[in-house]
Amino acid sequence: MSSEKIKICIKQLPALTDFGVGIYANGKGLSTSEKEIQFKEEQLKLINSVDSFNKTCKWLCDIQQIKSINTRRTSNGLKHLAERDIGYITNGVFIAAAIHCGFKFKIDSNSPNVSFNISEKSLKLIEKI
């Protein structure tokens, strides 16, 4: 897969960066132009994270989708679970991979995290391994 797949995910969630949704602390203390620069840098980092994106997509193949959004876990917690198997990834990489793999999502307000229609049952099976 290429960075084009990540760009398609960004089109579905335009605020997506390597950090997650938006930038750290919403750029508190930065000028408008500094926030814009940091946002563009964080999106470019995400676009260039092809290897991590591919590993995460492969990991997500074993995760079942459900009809409703699972609000028990957010992208940040899910990324930590995935890291046990695939190594370090960013919150933004996890979000982009889940979107690419067809998971529905809901942005958590006041947070860089996202919730998905991920089966709790399939996650608990992975945690037992």
# chains A, B, ... in the order shown; residues from 1 in each chain; ligands from 1

call {"tool": "residues_around", "arguments": {"residues": "Thr90 in chain A", "least_positions_apart": "6", "cutoff": "8 Å", "atoms": "only C-alpha atoms", "output": "list in words"}}
result
Asp18, Phe19, Gly20 and Lys79 of chain A

call {"tool": "residues_around", "arguments": {"residues": "Gly22 in chain A", "least_positions_apart": "6", "cutoff": "8 Å", "atoms": "only C-alpha atoms", "output": "NGL selection string"}}
result
:A and (15-16 or 39 or 112)

call {"tool": "atom_distance", "arguments": {"atom1": "CA of Arg72 in chain A", "atom2": "CA of Phe94 in chain A"}}
result
16.5 Å

call {"tool": "residues_around", "arguments": {"residues": "Ile63 in chain A", "least_positions_apart": "2", "cutoff": "8 Å", "atoms": "only C-alpha atoms", "output": "PyMOL selection string"}}
result
chain A and resi 59-61+65+118-119+122-123

call {"tool": "atom_distance", "arguments": {"atom1": "CA of Ile47 in chain A", "atom2": "CA of Ser3 in chain A"}}
result
5.4 Å

call {"tool": "select_by_dssp", "arguments": {"residues": "chain A", "states": "strand (DSSP E or B)", "output": "list in words"}}
result
Leu16, Val21, Gln65, Ile66, Lys67, Ser68, Ile69, Asn70, Phe105, Lys106, Ile107, Val114, Ser115, Phe116, Asn117 and Ile118 of chain A

call {"tool": "write_last_selection", "arguments": {"atoms": "all heavy atoms", "output": "CSV table (one decimal), in the first residue's frame"}}
result
chain,number,residue,atom,x,y,z
A,16,LEU,N,-7.4,14.6,10.6
A,16,LEU,CA,-6.5,13.6,11.0
A,16,LEU,C,-5.0,13.9,10.7
A,16,LEU,O,-4.6,14.4,9.7
A,16,LEU,CB,-6.8,12.3,10.2
A,16,LEU,CG,-6.1,11.0,10.6
A,16,LEU,CD1,-6.3,10.7,12.1
A,16,LEU,CD2,-6.5,9.8,9.7
A,21,VAL,N,-6.7,13.2,16.0
A,21,VAL,CA,-7.5,14.2,15.4
A,21,VAL,C,-7.0,15.6,15.9
A,21,VAL,O,-7.0,15.8,17.1
A,21,VAL,CB,-9.0,14.0,15.9
A,21,VAL,CG1,-9.9,15.2,15.3
A,21,VAL,CG2,-9.5,12.7,15.4
A,65,GLN,N,-15.9,-6.4,13.1
A,65,GLN,CA,-16.7,-5.2,13.1
A,65,GLN,C,-18.1,-5.5,13.7
A,65,GLN,O,-18.6,-6.7,13.6
A,65,GLN,CB,-16.9,-4.6,11.7
A,65,GLN,CG,-15.6,-4.1,11.1
A,65,GLN,CD,-15.9,-3.4,9.8
A,65,GLN,OE1,-16.9,-2.8,9.6
A,65,GLN,NE2,-14.9,-3.5,9.0
A,66,ILE,N,-18.7,-4.6,14.4
A,66,ILE,CA,-20.1,-4.7,14.9
A,66,ILE,C,-20.9,-3.6,14.3
A,66,ILE,O,-20.3,-2.7,13.7
A,66,ILE,CB,-20.1,-4.7,16.4
A,66,ILE,CG1,-19.4,-3.5,17.0
A,66,ILE,CG2,-19.5,-6.0,17.0
A,66,ILE,CD1,-19.6,-3.3,18.5
A,67,LYS,N,-22.2,-3.6,14.5
A,67,LYS,CA,-23.0,-2.5,14.0
A,67,LYS,C,-22.9,-1.2,14.6
A,67,LYS,O,-22.9,-0.1,14.0
A,67,LYS,CB,-24.5,-3.0,14.0
A,67,LYS,CG,-24.8,-4.1,13.1
A,67,LYS,CD,-26.3,-4.5,13.1
A,67,LYS,CE,-26.5,-5.6,12.2
A,67,LYS,NZ,-27.9,-6.1,12.2
A,68,SER,N,-22.7,-1.2,16.0
A,68,SER,CA,-22.6,0.1,16.7
A,68,SER,C,-21.2,0.4,17.1
A,68,SER,O,-20.3,-0.4,17.0
A,68,SER,CB,-23.5,0.0,18.0
A,68,SER,OG,-23.0,-1.1,18.8
A,69,ILE,N,-21.0,1.7,17.4
A,69,ILE,CA,-19.7,2.2,17.9
A,69,ILE,C,-19.4,1.7,19.3
A,69,ILE,O,-20.2,1.8,20.2
A,69,ILE,CB,-19.6,3.7,17.8
A,69,ILE,CG1,-19.9,4.2,16.4
A,69,ILE,CG2,-18.3,4.2,18.4
A,69,ILE,CD1,-18.8,3.9,15.4
A,70,ASN,N,-18.2,1.1,19.5
A,70,ASN,CA,-17.8,0.6,20.8
A,70,ASN,C,-17.2,1.8,21.5
A,70,ASN,O,-16.0,2.2,21.2
A,70,ASN,CB,-16.8,-0.5,20.6
A,70,ASN,CG,-16.2,-1.0,21.9
A,70,ASN,OD1,-16.5,-0.5,23.0
A,70,ASN,ND2,-15.5,-2.1,21.9
A,105,PHE,N,-16.5,5.2,12.4
A,105,PHE,CA,-15.9,5.9,13.5
A,105,PHE,C,-16.7,7.0,14.0
A,105,PHE,O,-17.6,7.6,13.3
A,105,PHE,CB,-14.5,6.4,13.1
A,105,PHE,CG,-14.5,7.4,12.0
A,105,PHE,CD1,-14.5,8.7,12.3
A,105,PHE,CD2,-14.4,7.0,10.7
A,105,PHE,CE1,-14.5,9.7,11.3
A,105,PHE,CE2,-14.4,7.9,9.6
A,105,PHE,CZ,-14.4,9.3,9.9
A,106,LYS,N,-16.4,7.4,15.2
A,106,LYS,CA,-17.0,8.6,15.9
A,106,LYS,C,-15.8,9.3,16.6
A,106,LYS,O,-15.1,8.7,17.4
A,106,LYS,CB,-18.0,8.2,16.8
A,106,LYS,CG,-18.7,9.4,17.5
A,106,LYS,CD,-19.7,8.9,18.6
A,106,LYS,CE,-20.2,10.1,19.3
A,106,LYS,NZ,-20.7,9.7,20.6
A,107,ILE,N,-15.7,10.6,16.3
A,107,ILE,CA,-14.7,11.4,16.9
A,107,ILE,C,-15.1,11.7,18.4
A,107,ILE,O,-16.2,12.0,18.7
A,107,ILE,CB,-14.5,12.7,16.2
A,107,ILE,CG1,-14.0,12.5,14.8
A,107,ILE,CG2,-13.5,13.6,16.9
A,107,ILE,CD1,-14.1,13.7,13.9
A,114,VAL,N,-10.6,8.5,18.6
A,114,VAL,CA,-11.7,8.1,17.8
A,114,VAL,C,-12.2,6.8,18.4
A,114,VAL,O,-11.4,6.0,18.8
A,114,VAL,CB,-11.3,8.0,16.3
A,114,VAL,CG1,-12.5,7.4,15.5
A,114,VAL,CG2,-10.9,9.3,15.7
A,115,SER,N,-13.5,6.6,18.3
A,115,SER,CA,-14.1,5.3,18.7
A,115,SER,C,-14.5,4.6,17.4
A,115,SER,O,-14.9,5.3,16.4
A,115,SER,CB,-15.2,5.4,19.6
A,115,SER,OG,-14.8,6.0,20.9
A,116,PHE,N,-14.5,3.3,17.4
A,116,PHE,CA,-14.9,2.5,16.2
A,116,PHE,C,-15.9,1.4,16.5
A,116,PHE,O,-16.2,1.1,17.6
A,116,PHE,CB,-13.6,1.8,15.6
A,116,PHE,CG,-12.5,2.7,15.2
A,116,PHE,CD1,-11.5,3.0,16.1
A,116,PHE,CD2,-12.6,3.3,14.0
A,116,PHE,CE1,-10.5,3.9,15.7
A,116,PHE,CE2,-11.6,4.2,13.6
A,116,PHE,CZ,-10.5,4.5,14.4
A,117,ASN,N,-16.5,0.9,15.4
A,117,ASN,CA,-17.4,-0.2,15.6
A,117,ASN,C,-16.6,-1.6,15.6
A,117,ASN,O,-16.8,-2.5,14.9
A,117,ASN,CB,-18.4,-0.3,14.4
A,117,ASN,CG,-17.7,-0.5,13.0
A,117,ASN,OD1,-16.6,0.0,12.8
A,117,ASN,ND2,-18.4,-1.2,12.2
A,118,ILE,N,-15.8,-1.6,16.7
A,118,ILE,CA,-14.9,-2.8,16.9
A,118,ILE,C,-15.5,-3.7,17.9
A,118,ILE,O,-15.9,-3.2,19.0
A,118,ILE,CB,-13.5,-2.3,17.3
A,118,ILE,CG1,-12.8,-1.7,16.1
A,118,ILE,CG2,-12.7,-3.4,17.9
A,118,ILE,CD1,-11.4,-1.2,16.3

call {"tool": "select_by_dssp", "arguments": {"residues": "chain A", "states": "alpha helix (DSSP H)", "output": "PyMOL selection string"}}
result
chain A and resi 3-12+32-47+50-60+75-86+91-100+120-128

call {"tool": "atom_distance", "arguments": {"atom1": "CA of Ala97 in chain A", "atom2": "CA of Asn110 in chain A"}}
result
21.7 Å

call {"tool": "residues_around", "arguments": {"residues": "Gly92 in chain A", "least_positions_apart": "4", "cutoff": "12 Å", "atoms": "only C-alpha atoms", "output": "PDB file with N, CA, C and O atoms, in the first residue's frame"}}
result
ATOM      1  N   ILE A   6      -3.450   6.444   2.636  1.00  0.00           N
ATOM      2  CA  ILE A   6      -3.539   7.289   3.825  1.00  0.00           C
ATOM      3  C   ILE A   6      -4.208   8.615   3.468  1.00  0.00           C
ATOM      4  O   ILE A   6      -5.056   9.111   4.214  1.00  0.00           O
ATOM      5  N   CYS A   9      -7.873   8.305   3.482  1.00  0.00           N
ATOM      6  CA  CYS A   9      -8.402   8.314   4.855  1.00  0.00           C
ATOM      7  C   CYS A   9      -8.493   9.736   5.391  1.00  0.00           C
ATOM      8  O   CYS A   9      -9.465  10.094   6.068  1.00  0.00           O
ATOM      9  N   ILE A  10      -7.505  10.546   5.070  1.00  0.00           N
ATOM     10  CA  ILE A  10      -7.512  11.949   5.502  1.00  0.00           C
ATOM     11  C   ILE A  10      -8.690  12.687   4.859  1.00  0.00           C
ATOM     12  O   ILE A  10      -9.304  13.545   5.494  1.00  0.00           O
ATOM     13  N   LEU A  13     -11.538  12.044   7.026  1.00  0.00           N
ATOM     14  CA  LEU A  13     -11.390  12.712   8.324  1.00  0.00           C
ATOM     15  C   LEU A  13     -10.311  13.790   8.168  1.00  0.00           C
ATOM     16  O   LEU A  13      -9.146  13.573   8.496  1.00  0.00           O
ATOM     17  N   PRO A  14     -10.698  14.959   7.635  1.00  0.00           N
ATOM     18  CA  PRO A  14      -9.712  16.002   7.299  1.00  0.00           C
ATOM     19  C   PRO A  14      -8.844  16.491   8.450  1.00  0.00           C
ATOM     20  O   PRO A  14      -7.741  16.983   8.219  1.00  0.00           O
ATOM     21  N   ALA A  15      -9.284  16.351   9.687  1.00  0.00           N
ATOM     22  CA  ALA A  15      -8.490  16.801  10.835  1.00  0.00           C
ATOM     23  C   ALA A  15      -7.468  15.758  11.283  1.00  0.00           C
ATOM     24  O   ALA A  15      -6.750  15.969  12.252  1.00  0.00           O
ATOM     25  N   LEU A  16      -7.365  14.639  10.562  1.00  0.00           N
ATOM     26  CA  LEU A  16      -6.472  13.551  10.965  1.00  0.00           C
ATOM     27  C   LEU A  16      -5.009  13.911  10.743  1.00  0.00           C
ATOM     28  O   LEU A  16      -4.622  14.383   9.684  1.00  0.00           O
ATOM     29  N   THR A  17      -4.218  13.673  11.799  1.00  0.00           N
ATOM     30  CA  THR A  17      -2.772  13.885  11.749  1.00  0.00           C
ATOM     31  C   THR A  17      -2.106  12.662  12.385  1.00  0.00           C
ATOM     32  O   THR A  17      -2.779  11.761  12.863  1.00  0.00           O
ATOM     33  N   ASP A  18      -0.794  12.667  12.433  1.00  0.00           N
ATOM     34  CA  ASP A  18      -0.059  11.583  13.081  1.00  0.00           C
ATOM     35  C   ASP A  18      -0.429  11.488  14.568  1.00  0.00           C
ATOM     36  O   ASP A  18      -0.462  10.420  15.143  1.00  0.00           O
ATOM     37  N   PHE A  19      -0.751  12.606  15.174  1.00  0.00           N
ATOM     38  CA  PHE A  19      -1.126  12.681  16.590  1.00  0.00           C
ATOM     39  C   PHE A  19      -2.510  12.070  16.838  1.00  0.00           C
ATOM     40  O   PHE A  19      -2.780  11.541  17.904  1.00  0.00           O
ATOM     41  N   GLY A  20      -3.366  12.166  15.868  1.00  0.00           N
ATOM     42  CA  GLY A  20      -4.754  11.726  15.998  1.00  0.00           C
ATOM     43  C   GLY A  20      -5.632  12.751  15.309  1.00  0.00           C
ATOM     44  O   GLY A  20      -5.343  13.172  14.200  1.00  0.00           O
ATOM     45  N   VAL A  21      -6.676  13.187  15.977  1.00  0.00           N
ATOM     46  CA  VAL A  21      -7.534  14.234  15.435  1.00  0.00           C
ATOM     47  C   VAL A  21      -6.989  15.562  15.929  1.00  0.00           C
ATOM     48  O   VAL A  21      -7.010  15.846  17.125  1.00  0.00           O
ATOM     49  N   GLY A  22      -6.453  16.353  15.015  1.00  0.00           N
ATOM     50  CA  GLY A  22      -5.873  17.647  15.368  1.00  0.00           C
ATOM     51  C   GLY A  22      -4.413  17.535  15.775  1.00  0.00           C
ATOM     52  O   GLY A  22      -3.720  16.583  15.436  1.00  0.00           O
ATOM     53  N   ILE A  23      -3.963  18.546  16.516  1.00  0.00           N
ATOM     54  CA  ILE A  23      -2.574  18.588  16.979  1.00  0.00           C
ATOM     55  C   ILE A  23      -2.557  18.633  18.510  1.00  0.00           C
ATOM     56  O   ILE A  23      -3.568  18.927  19.147  1.00  0.00           O
ATOM     57  N   TYR A  24      -1.400  18.365  19.082  1.00  0.00           N
ATOM     58  CA  TYR A  24      -1.247  18.301  20.530  1.00  0.00           C
ATOM     59  C   TYR A  24      -1.766  19.578  21.185  1.00  0.00           C
ATOM     60  O   TYR A  24      -1.417  20.692  20.773  1.00  0.00           O
ATOM     61  N   GLU A  42       2.304  17.466  10.931  1.00  0.00           N
ATOM     62  CA  GLU A  42       1.748  16.246  11.517  1.00  0.00           C
ATOM     63  C   GLU A  42       1.009  15.409  10.466  1.00  0.00           C
ATOM     64  O   GLU A  42       1.061  14.184  10.508  1.00  0.00           O
ATOM     65  N   GLN A  43       0.337  16.061   9.528  1.00  0.00           N
ATOM     66  CA  GLN A  43      -0.323  15.306   8.460  1.00  0.00           C
ATOM     67  C   GLN A  43       0.707  14.675   7.534  1.00  0.00           C
ATOM     68  O   GLN A  43       0.539  13.533   7.107  1.00  0.00           O
ATOM     69  N   LEU A  44       1.782  15.379   7.247  1.00  0.00           N
ATOM     70  CA  LEU A  44       2.833  14.830   6.395  1.00  0.00           C
ATOM     71  C   LEU A  44       3.497  13.629   7.058  1.00  0.00           C
ATOM     72  O   LEU A  44       3.790  12.624   6.396  1.00  0.00           O
ATOM     73  N   LYS A  45       3.716  13.694   8.379  1.00  0.00           N
ATOM     74  CA  LYS A  45       4.267  12.539   9.109  1.00  0.00           C
ATOM     75  C   LYS A  45       3.366  11.330   8.932  1.00  0.00           C
ATOM     76  O   LYS A  45       3.835  10.216   8.701  1.00  0.00           O
ATOM     77  N   LEU A  46       2.056  11.552   9.052  1.00  0.00           N
ATOM     78  CA  LEU A  46       1.099  10.466   8.893  1.00  0.00           C
ATOM     79  C   LEU A  46       1.156   9.903   7.472  1.00  0.00           C
ATOM     80  O   LEU A  46       1.232   8.686   7.285  1.00  0.00           O
ATOM     81  N   ILE A  47       1.154  10.756   6.492  1.00  0.00           N
ATOM     82  CA  ILE A  47       1.186  10.327   5.093  1.00  0.00           C
ATOM     83  C   ILE A  47       2.429   9.495   4.801  1.00  0.00           C
ATOM     84  O   ILE A  47       2.387   8.557   3.996  1.00  0.00           O
ATOM     85  N   ASN A  48       3.518   9.792   5.480  1.00  0.00           N
ATOM     86  CA  ASN A  48       4.773   9.074   5.263  1.00  0.00           C
ATOM     87  C   ASN A  48       4.941   7.825   6.136  1.00  0.00           C
ATOM     88  O   ASN A  48       5.970   7.168   6.085  1.00  0.00           O
ATOM     89  N   SER A  49       3.916   7.468   6.898  1.00  0.00           N
ATOM     90  CA  SER A  49       3.992   6.317   7.810  1.00  0.00           C
ATOM     91  C   SER A  49       3.441   5.047   7.157  1.00  0.00           C
ATOM     92  O   SER A  49       2.676   4.301   7.776  1.00  0.00           O
ATOM     93  N   VAL A  50       3.835   4.789   5.949  1.00  0.00           N
ATOM     94  CA  VAL A  50       3.280   3.682   5.163  1.00  0.00           C
ATOM     95  C   VAL A  50       3.546   2.328   5.813  1.00  0.00           C
ATOM     96  O   VAL A  50       2.636   1.496   5.893  1.00  0.00           O
ATOM     97  N   SER A  52       4.096   1.485   9.014  1.00  0.00           N
ATOM     98  CA  SER A  52       3.262   1.330  10.212  1.00  0.00           C
ATOM     99  C   SER A  52       1.801   1.151   9.836  1.00  0.00           C
ATOM    100  O   SER A  52       1.077   0.353  10.435  1.00  0.00           O
ATOM    101  N   PHE A  53       1.355   1.898   8.842  1.00  0.00           N
ATOM    102  CA  PHE A  53      -0.021   1.803   8.348  1.00  0.00           C
ATOM    103  C   PHE A  53      -0.306   0.388   7.841  1.00  0.00           C
ATOM    104  O   PHE A  53      -1.318  -0.222   8.192  1.00  0.00           O
ATOM    105  N   THR A  56      -0.522  -2.126  10.676  1.00  0.00           N
ATOM    106  CA  THR A  56      -1.758  -1.947  11.431  1.00  0.00           C
ATOM    107  C   THR A  56      -2.959  -2.503  10.663  1.00  0.00           C
ATOM    108  O   THR A  56      -3.829  -3.154  11.254  1.00  0.00           O
ATOM    109  N   THR A  74     -11.013   3.665  22.919  1.00  0.00           N
ATOM    110  CA  THR A  74     -10.734   4.666  21.897  1.00  0.00           C
ATOM    111  C   THR A  74      -9.492   4.248  21.106  1.00  0.00           C
ATOM    112  O   THR A  74      -8.795   3.291  21.475  1.00  0.00           O
ATOM    113  N   SER A  75      -9.223   4.995  20.077  1.00  0.00           N
ATOM    114  CA  SER A  75      -8.082   4.702  19.216  1.00  0.00           C
ATOM    115  C   SER A  75      -6.773   4.622  19.988  1.00  0.00           C
ATOM    116  O   SER A  75      -5.934   3.765  19.703  1.00  0.00           O
ATOM    117  N   ASN A  76      -6.594   5.467  20.990  1.00  0.00           N
ATOM    118  CA  ASN A  76      -5.337   5.444  21.735  1.00  0.00           C
ATOM    119  C   ASN A  76      -5.161   4.129  22.492  1.00  0.00           C
ATOM    120  O   ASN A  76      -4.091   3.525  22.468  1.00  0.00           O
ATOM    121  N   LEU A  78      -6.649   1.298  21.756  1.00  0.00           N
ATOM    122  CA  LEU A  78      -6.556   0.247  20.740  1.00  0.00           C
ATOM    123  C   LEU A  78      -5.158   0.187  20.137  1.00  0.00           C
ATOM    124  O   LEU A  78      -4.637  -0.888  19.867  1.00  0.00           O
ATOM    125  N   LYS A  79      -4.561   1.337  19.938  1.00  0.00           N
ATOM    126  CA  LYS A  79      -3.204   1.357  19.375  1.00  0.00           C
ATOM    127  C   LYS A  79      -2.230   0.676  20.332  1.00  0.00           C
ATOM    128  O   LYS A  79      -1.346  -0.043  19.905  1.00  0.00           O
ATOM    129  N   TYR A  88       5.613  -0.144  17.949  1.00  0.00           N
ATOM    130  CA  TYR A  88       5.095   1.219  18.111  1.00  0.00           C
ATOM    131  C   TYR A  88       4.395   1.734  16.857  1.00  0.00           C
ATOM    132  O   TYR A  88       4.903   1.611  15.736  1.00  0.00           O
ATOM    133  N   ALA A  96      -6.115   5.955  10.813  1.00  0.00           N
ATOM    134  CA  ALA A  96      -6.113   5.858   9.350  1.00  0.00           C
ATOM    135  C   ALA A  96      -6.284   4.408   8.899  1.00  0.00           C
ATOM    136  O   ALA A  96      -7.066   4.120   7.979  1.00  0.00           O
ATOM    137  N   ALA A  97      -5.590   3.492   9.551  1.00  0.00           N
ATOM    138  CA  ALA A  97      -5.679   2.077   9.175  1.00  0.00           C
ATOM    139  C   ALA A  97      -7.086   1.546   9.408  1.00  0.00           C
ATOM    140  O   ALA A  97      -7.628   0.809   8.573  1.00  0.00           O
ATOM    141  N   ALA A  98      -7.692   1.908  10.526  1.00  0.00           N
ATOM    142  CA  ALA A  98      -9.049   1.437  10.822  1.00  0.00           C
ATOM    143  C   ALA A  98     -10.047   1.996   9.803  1.00  0.00           C
ATOM    144  O   ALA A  98     -10.930   1.273   9.328  1.00  0.00           O
ATOM    145  N   ILE A  99      -9.892   3.253   9.444  1.00  0.00           N
ATOM    146  CA  ILE A  99     -10.769   3.844   8.429  1.00  0.00           C
ATOM    147  C   ILE A  99     -10.576   3.110   7.104  1.00  0.00           C
ATOM    148  O   ILE A  99     -11.544   2.737   6.438  1.00  0.00           O
ATOM    149  N   PRO A 112      -8.022  13.775  20.936  1.00  0.00           N
ATOM    150  CA  PRO A 112      -7.472  13.400  19.624  1.00  0.00           C
ATOM    151  C   PRO A 112      -7.881  11.983  19.217  1.00  0.00           C
ATOM    152  O   PRO A 112      -7.425  11.461  18.209  1.00  0.00           O
ATOM    153  N   ASN A 113      -8.755  11.363  20.005  1.00  0.00           N
ATOM    154  CA  ASN A 113      -9.094   9.962  19.813  1.00  0.00           C
ATOM    155  C   ASN A 113     -10.407   9.760  19.063  1.00  0.00           C
ATOM    156  O   ASN A 113     -11.237  10.654  18.968  1.00  0.00           O
ATOM    157  N   VAL A 114     -10.567   8.537  18.579  1.00  0.00           N
ATOM    158  CA  VAL A 114     -11.734   8.141  17.803  1.00  0.00           C
ATOM    159  C   VAL A 114     -12.209   6.795  18.353  1.00  0.00           C
ATOM    160  O   VAL A 114     -11.399   5.976  18.777  1.00  0.00           O
TER     161      VAL A 114
END
